[in-house]
Amino acid sequence: MPTLPPDLLPPILVLLRDRLGAACIDGAQEVAGGDTHRAARVETDRGPVFVKWNASDAAPMFDCEVRGLHKLRSADALRIPEPLGVVRTERWAAVAMEWIQPDRPTAAVAERLGRGLARLHAVRAPAYGLDHDNFIGRLPQPNAPSPSWVEFYRRPRLRFQIDLAHRSGRMDAGRLRRL
């Protein structure tokens, strides 16, 4: 099983044993899972699971992802994978979650997805934002709540990323002023 780092297998198996009752990992095949992390479909004696991993400093991103998945699942609008947990080793961090077999792309699937997204976006909250900060890729993403969508989008989303780009030398002062 060359896909997953060998020293990550034992803690993943412990997690899957605790959460699913899995006794063994039978194999893993790398799959698409994003631009930031590597991902695999991991076969167990209790069925497949989805695992994403990266260097150990990715653990906070995975912790935030688990919180976000729980929040999305609570809306009960779309089929969202159940997060199983985050594991860490000295070198690696990983998040495991329910494997959802992709549907063939059809008009009916697209319509179901569209209706689910509409239900998800109809969920109301007391403010725009979250009770915790998270990440956009590897970059921090503040989520200070705001009663106004415009203010939320302007400050924690755009302004923060613009300032971060400028401080890191990826945006010159002229563009910063224009923005």
# chains A, B, ... in the order shown; residues from 1 in each chain; ligands from 1
call {"tool": "select_by_dssp", "arguments": {"residues": "chain A", "states": "helix (DSSP H, G or I)", "output": "VMD selection string"}}
result
chain A and resid 6 to 20 56 to 74 107 to 122 149 to 167 173 to 178
call {"tool": "residues_around", "arguments": {"residues": "Val95 in chain A", "least_positions_apart": "5", "cutoff": "6 Å", "atoms": "only C-alpha atoms", "output": "list of chain:residue names"}}
result
A:Val51, A:Lys52, A:Phe62, A:Gly85, A:Val86
call {"tool": "residues_around", "arguments": {"residues": "Asn54 in chain A", "least_positions_apart": "3", "cutoff": "12 Å", "atoms": "only C-alpha atoms", "output": "JSON, numbers by chain"}}
result
{"A": [4, 5, 8, 33, 34, 35, 36, 37, 38, 39, 40, 51, 57, 58, 59, 60, 61, 62, 86, 87, 88, 89, 90, 91, 92, 93, 94, 95, 138]}
call {"tool": "write_last_selection", "arguments": {"atoms": "C-alpha atoms", "output": "tab-separated table (two decimals), in the first residue's frame"}}
result
chain	number	residue	atom	x	y	z
A	4	LEU	CA	-0.33	6.49	2.46
A	5	PRO	CA	2.84	7.23	4.44
A	8	LEU	CA	0.38	7.29	9.24
A	33	GLY	CA	-9.23	15.52	-3.10
A	34	GLY	CA	-8.16	19.10	-3.50
A	35	ASP	CA	-5.17	21.19	-4.40
A	36	THR	CA	-3.66	21.43	-0.93
A	37	HIS	CA	-3.57	17.85	0.35
A	38	ARG	CA	-3.15	14.32	-0.95
A	39	ALA	CA	-6.18	12.06	-0.70
A	40	ALA	CA	-7.00	8.36	-0.93
A	51	VAL	CA	-8.52	10.09	3.94
A	57	ASP	CA	1.29	21.45	10.43
A	58	ALA	CA	-1.92	20.76	8.47
A	59	ALA	CA	-3.66	19.42	11.60
A	60	PRO	CA	-5.39	22.76	12.40
A	61	MET	CA	-6.80	22.85	8.85
A	62	PHE	CA	-8.21	19.35	9.30
A	86	VAL	CA	-8.17	13.78	12.71
A	87	VAL	CA	-4.95	11.93	13.44
A	88	ARG	CA	-1.44	13.30	13.94
A	89	THR	CA	2.03	11.86	13.93
A	90	GLU	CA	5.33	13.65	14.26
A	91	ARG	CA	5.51	14.07	10.47
A	92	TRP	CA	1.89	13.84	9.27
A	93	ALA	CA	-1.69	14.90	9.90
A	94	ALA	CA	-4.75	13.32	8.32
A	95	VAL	CA	-8.51	13.59	8.35
A	138	ARG	CA	-3.37	26.94	3.54
call {"tool": "residues_around", "arguments": {"residues": "range 131-134 of chain A", "least_positions_apart": "6", "cutoff": "7 Å", "atoms": "only C-alpha atoms", "output": "number ranges by chain"}}
result
A: 61, 64, 140-143
call {"tool": "write_last_selection", "arguments": {"atoms": "N, CA, C and O atoms", "output": "PDB file, in the first residue's frame"}}
result
ATOM      1  N   MET A  61      -5.897  22.778  10.005  1.00  0.00           N
ATOM      2  CA  MET A  61      -6.801  22.851   8.854  1.00  0.00           C
ATOM      3  C   MET A  61      -7.802  21.706   8.899  1.00  0.00           C
ATOM      4  O   MET A  61      -8.994  21.889   8.629  1.00  0.00           O
ATOM      5  N   CYS A  64     -10.449  22.259  11.568  1.00  0.00           N
ATOM      6  CA  CYS A  64     -11.466  23.204  11.078  1.00  0.00           C
ATOM      7  C   CYS A  64     -12.378  22.540  10.048  1.00  0.00           C
ATOM      8  O   CYS A  64     -13.581  22.812  10.013  1.00  0.00           O
ATOM      9  N   PRO A 140      -4.907  31.462   6.395  1.00  0.00           N
ATOM     10  CA  PRO A 140      -5.914  31.675   7.445  1.00  0.00           C
ATOM     11  C   PRO A 140      -7.089  32.474   6.895  1.00  0.00           C
ATOM     12  O   PRO A 140      -6.932  33.306   6.000  1.00  0.00           O
ATOM     13  N   GLN A 141      -8.264  32.194   7.444  1.00  0.00           N
ATOM     14  CA  GLN A 141      -9.480  32.885   7.019  1.00  0.00           C
ATOM     15  C   GLN A 141     -10.275  33.288   8.261  1.00  0.00           C
ATOM     16  O   GLN A 141     -10.897  32.448   8.903  1.00  0.00           O
ATOM     17  N   PRO A 142     -10.227  34.572   8.626  1.00  0.00           N
ATOM     18  CA  PRO A 142     -11.001  35.015   9.785  1.00  0.00           C
ATOM     19  C   PRO A 142     -12.500  34.955   9.489  1.00  0.00           C
ATOM     20  O   PRO A 142     -12.915  35.095   8.345  1.00  0.00           O
ATOM     21  N   ASN A 143     -13.281  34.770  10.527  1.00  0.00           N
ATOM     22  CA  ASN A 143     -14.729  34.646  10.364  1.00  0.00           C
ATOM     23  C   ASN A 143     -15.504  35.460  11.387  1.00  0.00           C
ATOM     24  O   ASN A 143     -16.596  35.065  11.782  1.00  0.00           O
TER      25      ASN A 143
END
call {"tool": "atom_distance", "arguments": {"atom1": "CA of Phe152 in chain A", "atom2": "CA of Leu69 in chain A"}}
result
21.2 Å
call {"tool": "closest_residue", "arguments": {"among": "A:Leu139, A:Ala144, A:Val66, A:Leu15", "to": "Gln161 in chain A", "atoms": "only C-alpha atoms"}}
result
A:Leu139
call {"tool": "residues_around", "arguments": {"residues": "Glu98 in chain A", "least_positions_apart": "3", "cutoff": "12 Å", "atoms": "only C-alpha atoms", "output": "list in words"}}
result
Leu16, Arg19, Leu20, Ala40, Arg41, Val42, Glu43, Thr44, Arg46, Gly47, Pro48, Val49, Phe50, Val51, Lys52, Val66, Leu69, Arg79, Ile80, Pro81, Glu82, Pro83, Leu84, Gly85, Val95 and Gln101 of chain A
call {"tool": "atom_distance", "arguments": {"atom1": "CA of Ala23 in chain A", "atom2": "CA of Thr3 in chain A"}}
result
19.4 Å
